[in-house]
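One structure below.
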Amino acid sequence: MRFFPKATRLFALTIVATTLLAGCVSRPQPLYYWGDYQSQVYGHFKGEKGPEEQIQALEQVREEARAQGRSVPPGLQAHLAMLYGQTGRSERLVENLEAEKKQFPESSTFMDFLLKKFSR
Amino acid sequence: MKQILSIKWLALLLASMLLGGCATPAKYDYSSFRESRPASILVLPPLNSSPDVNATYSMLSQTTLPLAESGYYVFPVTLVDETFKQNGMTMPADIHQLPGDKLREIFGADAALYIDVKQYGTTYAVVMSETRVTAEGRLVDLRSGKKLWEGSATASSNEGNNNSGGLVGMLVKAVISQIVDTLSNRGHAIAGMTSYRLLAAGRPNGILYGPRSPLYLKEGSPTP
């Protein structure tokens, strides 16, 4: 039973324990902070939620994400842009389309298509 | 005697081959997917082959989460739908017929996802009614026109709470739990489960992880 001296065993145990604990701490978290974005989208499609109600809910999601240092999901800011457009606030519309484009360069072609349409 | 023995061995060999077949189900051929490696996905409004008119938008509104958490940019489904409508396209069947290069031109998407909701609704029975949602999906590269992946999934209210699901599964569950459980909403909650099973990466024969996932290009490792 005396393969290793006691100090070595203790040291090994410490390393194992630390690794296990580190595994717990660095557990992966979702890529995005979702809030109730998905159900807002459904409410929008069903016509159950008006633009103002959605704007309030989604601005809150964005605020919560910011407070936690997390990212908002793809499409959230673009959807917000559309809602601002529907309520006649074109400045905020452009602002949010630009925000989506900045966060996700993959959206550039579509965002530019929309920006061109609205700036006319 | 010798002959009987060899027959025995043959039977054993056959049995093990059969069982071997059970253990390893046919693997999906990902060669086109690996070649294409799309970064962005355009989800088209799903076809609805069920009698419930809610199926299309119930499914569409729940596709972003599993795909985005798998590492893809997902085009804003509401704005995409609005864009089609403003161009006179209101029927998913018509939208699914649009040429890929036209979609690529407007949206700049790497790939398009075509979903068909096969089953959506509740069958009523005396003892226990069941709500089931079944859907098929097909991912097509808009740059080459090649089919990258296809699959299908189903979920039922009678399953109980036995799926493990990993990180995204837990997230989906949390989102679904926000849905108020009324009879009319039950289909929507089950559709969320179906969408997750169909579209989350890291599932058997499912889609591969996208560039924004830390698991991108690390397929084969189990879901976190």
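Numbering starts fresh at 1 for the residues of each chain in the structure tokens, the chains themselves are lettered A, B, ... in the order given, and ligands are numbered from 1 as they appear.
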
Go through chain A and flag each residue having an atom no more than 9 Å from chain B; for those, report the closest pair of atoms plus their distance in Å to one decimal, using only C-alpha atoms, ordered by chain and rising number, as CSV.
```
residue,atom,partner,partner_atom,distance
A:Arg27,CA,B:Pro224,CA,8.1
A:Pro28,CA,B:Pro224,CA,7.1
A:Gln29,CA,B:Leu167,CA,7.5
A:Pro30,CA,B:Glu69,CA,6.7
A:Leu31,CA,B:Glu69,CA,5.8
A:Tyr32,CA,B:Glu69,CA,7.3
A:Trp34,CA,B:Leu65,CA,8.2
A:Gly35,CA,B:Val175,CA,8.2
A:Asp36,CA,B:Val175,CA,7.2
A:Gln38,CA,B:Ser61,CA,6.2
A:Ser39,CA,B:Ser61,CA,7.6
A:Gln40,CA,B:Ser61,CA,8.8
A:Val41,CA,B:Ser61,CA,5.8
A:Tyr42,CA,B:Ser61,CA,5.3
A:His44,CA,B:Thr78,CA,8.1
A:Phe45,CA,B:Tyr57,CA,6.4
A:Lys46,CA,B:Tyr57,CA,7.7
A:Pro73,CA,B:Ala68,CA,7.3
A:Pro74,CA,B:Val74,CA,5.9
A:Gly75,CA,B:Pro76,CA,4.1
A:Leu76,CA,B:Pro76,CA,7.2
A:Gln77,CA,B:Pro76,CA,8.8
A:Ala78,CA,B:Pro76,CA,6.5
A:His79,CA,B:Leu79,CA,6.5
A:Met82,CA,B:Leu79,CA,7.1
A:Phe104,CA,B:Tyr73,CA,7.2
A:Glu106,CA,B:Ser40,CA,6.4
A:Ser107,CA,B:Phe75,CA,7.0
A:Ser108,CA,B:Gly108,CA,7.6
A:Thr109,CA,B:Gly108,CA,5.2
A:Phe110,CA,B:Phe107,CA,4.5
A:Met111,CA,B:Phe107,CA,8.2
A:Phe113,CA,B:Ile106,CA,6.9
```

Which residues come within 12 Å of B:Lys147, counting only C-alpha atoms, excluding same-chain residues fewer than 4 positions away, as an MDAnalysis selection string? chainID B and resid 29:36 38 100 111:114 137:143 151

For B:Thr154: contacts at 7 Å, only C-alpha atoms, fewer than 6 positions along chain excluded, given as a list in words: Val133, Thr134, Ala135 and Thr194 of chain B

Could you tell me how far atom CA of B:Ala189 lies from atom CA of B:Ser177, in Å and to one decimal? 8.0 Å

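The shortest atom-to-atom distance to B:Asn185, with only C-alpha atoms taken into account, belongs to A:Gly43 out of A:Gly88, A:Glu59, A:Gly43, A:Tyr37.
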
With only C-alpha atoms as the counted atoms, please give the residues lying no more than 8 Å from A:Glu95, apart from itself and same-chain residues fewer than 4 positions off, as a ChimeraX atom specification. /A:81,91,99

Let's see if you can do this: from backbone DSSP, list all alpha helix (DSSP H) residues in stretch 4-171 of chain B, as a ChimeraX atom specification. /B:4-23,31-36,55-60,64-69,77-86,92-95,100-107,166-171

Nearest to B:Met193, chosen from B:Gly145, B:Pro92, B:Asn87, B:Pro66, with only C-alpha atoms counted in the distances: B:Pro66

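Straight-line separation from atom CA of A:Gln54 to atom CA of A:Leu80: 8.1 Å.
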
The distance between atom CA of B:Ser156 and atom CA of B:Thr182 is 15.5 Å

From the options B:Asn205, B:Ser184, B:Gln119, B:Asn48, which residue's atoms come nearest to B:Glu150, counting only C-alpha atoms? B:Asn205

Secondary structure check, strand (DSSP E or B) residues of stretch 55-184 of chain B, as a PyMOL selection string: chain B and resi 73-74+111-123+130-141+147-156

N, CA and C atoms of the current selection, written as a compact mmCIF listing (two decimals), in the first residue's frame:
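Written out: part-v6.txt:
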```txt
# COMPACT_ATOMS: atom_id res chain seq x y z
N TYR B 73 -26.10 31.63 -37.46
CA TYR B 73 -26.91 32.85 -37.53
C TYR B 73 -28.23 32.46 -38.16
N VAL B 74 -29.32 32.80 -37.49
CA VAL B 74 -30.65 32.50 -38.01
C VAL B 74 -31.32 33.81 -38.38
N ALA B 111 -27.53 28.93 -46.34
CA ALA B 111 -28.39 27.75 -46.51
C ALA B 111 -29.83 28.09 -46.16
N ALA B 112 -30.76 27.33 -46.73
CA ALA B 112 -32.17 27.50 -46.43
C ALA B 112 -32.70 26.22 -45.80
N LEU B 113 -33.61 26.39 -44.84
CA LEU B 113 -34.20 25.24 -44.17
C LEU B 113 -35.67 25.12 -44.55
N TYR B 114 -36.00 23.97 -45.15
CA TYR B 114 -37.37 23.68 -45.57
C TYR B 114 -37.98 22.70 -44.58
N ILE B 115 -39.03 23.14 -43.89
CA ILE B 115 -39.67 22.27 -42.89
C ILE B 115 -41.08 21.93 -43.36
N ASP B 116 -41.48 20.70 -43.09
CA ASP B 116 -42.84 20.26 -43.36
C ASP B 116 -43.42 19.69 -42.06
N VAL B 117 -44.45 20.34 -41.54
CA VAL B 117 -45.09 19.83 -40.32
C VAL B 117 -46.11 18.77 -40.74
N LYS B 118 -45.78 17.52 -40.42
CA LYS B 118 -46.59 16.39 -40.89
C LYS B 118 -47.80 16.15 -40.00
N GLN B 119 -47.60 16.42 -38.72
CA GLN B 119 -48.62 16.10 -37.74
C GLN B 119 -48.61 17.18 -36.68
N TYR B 120 -49.77 17.70 -36.31
CA TYR B 120 -49.81 18.74 -35.28
C TYR B 120 -51.20 18.73 -34.68
N GLY B 121 -51.32 18.20 -33.49
CA GLY B 121 -52.65 18.24 -32.90
C GLY B 121 -52.92 17.16 -31.89
N THR B 122 -54.13 17.17 -31.42
CA THR B 122 -54.52 16.29 -30.33
C THR B 122 -55.53 15.27 -30.82
N THR B 123 -55.27 14.02 -30.50
CA THR B 123 -56.28 13.00 -30.75
C THR B 123 -56.94 12.69 -29.42
N GLU B 130 -53.90 12.44 -26.67
CA GLU B 130 -52.48 12.64 -26.96
C GLU B 130 -52.29 13.81 -27.91
N THR B 131 -51.33 14.69 -27.58
CA THR B 131 -50.95 15.75 -28.51
C THR B 131 -49.61 15.38 -29.10
N ARG B 132 -49.55 15.35 -30.42
CA ARG B 132 -48.31 14.94 -31.07
C ARG B 132 -47.95 15.91 -32.19
N VAL B 133 -46.66 16.22 -32.31
CA VAL B 133 -46.18 17.05 -33.42
C VAL B 133 -45.01 16.33 -34.09
N THR B 134 -45.13 16.16 -35.39
CA THR B 134 -44.09 15.51 -36.18
C THR B 134 -43.68 16.44 -37.31
N ALA B 135 -42.39 16.56 -37.55
CA ALA B 135 -41.94 17.46 -38.61
C ALA B 135 -40.72 16.88 -39.32
N GLU B 136 -40.59 17.26 -40.59
CA GLU B 136 -39.42 16.88 -41.38
C GLU B 136 -38.67 18.15 -41.77
N GLY B 137 -37.37 18.05 -41.87
CA GLY B 137 -36.58 19.22 -42.26
C GLY B 137 -35.55 18.85 -43.32
N ARG B 138 -35.26 19.83 -44.17
CA ARG B 138 -34.27 19.63 -45.24
C ARG B 138 -33.44 20.91 -45.35
N LEU B 139 -32.13 20.77 -45.21
CA LEU B 139 -31.24 21.92 -45.28
C LEU B 139 -30.54 21.94 -46.64
N VAL B 140 -30.68 23.06 -47.37
CA VAL B 140 -30.13 23.14 -48.73
C VAL B 140 -29.15 24.31 -48.82
N ASP B 141 -28.00 24.05 -49.39
CA ASP B 141 -27.00 25.11 -49.60
C ASP B 141 -27.48 26.03 -50.72
N LYS B 147 -28.23 19.50 -51.38
CA LYS B 147 -28.88 19.16 -50.12
C LYS B 147 -27.80 18.77 -49.12
N LEU B 148 -27.82 19.44 -47.94
CA LEU B 148 -26.78 19.18 -46.95
C LEU B 148 -27.21 18.17 -45.91
N TRP B 149 -28.50 18.18 -45.61
CA TRP B 149 -28.99 17.33 -44.52
C TRP B 149 -30.49 17.22 -44.61
N GLU B 150 -31.02 16.09 -44.16
CA GLU B 150 -32.46 16.02 -43.92
C GLU B 150 -32.73 15.07 -42.76
N GLY B 151 -33.85 15.32 -42.10
CA GLY B 151 -34.18 14.49 -40.94
C GLY B 151 -35.62 14.70 -40.53
N SER B 152 -36.05 13.94 -39.55
CA SER B 152 -37.40 14.13 -39.04
C SER B 152 -37.41 13.87 -37.54
N ALA B 153 -38.43 14.41 -36.89
CA ALA B 153 -38.53 14.25 -35.43
C ALA B 153 -39.98 14.30 -35.01
N THR B 154 -40.25 13.73 -33.85
CA THR B 154 -41.60 13.76 -33.32
C THR B 154 -41.55 13.92 -31.81
N ALA B 155 -42.61 14.46 -31.25
CA ALA B 155 -42.71 14.56 -29.79
C ALA B 155 -44.18 14.41 -29.41
N SER B 156 -44.41 13.87 -28.24
CA SER B 156 -45.77 13.59 -27.82
C SER B 156 -45.97 13.98 -26.36
```

Find the residues near A:Ser90: any atom within 12 Å, counting only C-alpha atoms, skip ones fewer than 5 places away on the same chain, and give them as an MDAnalysis selection string. chainID A and resid 80:85 95:97 115 117:120
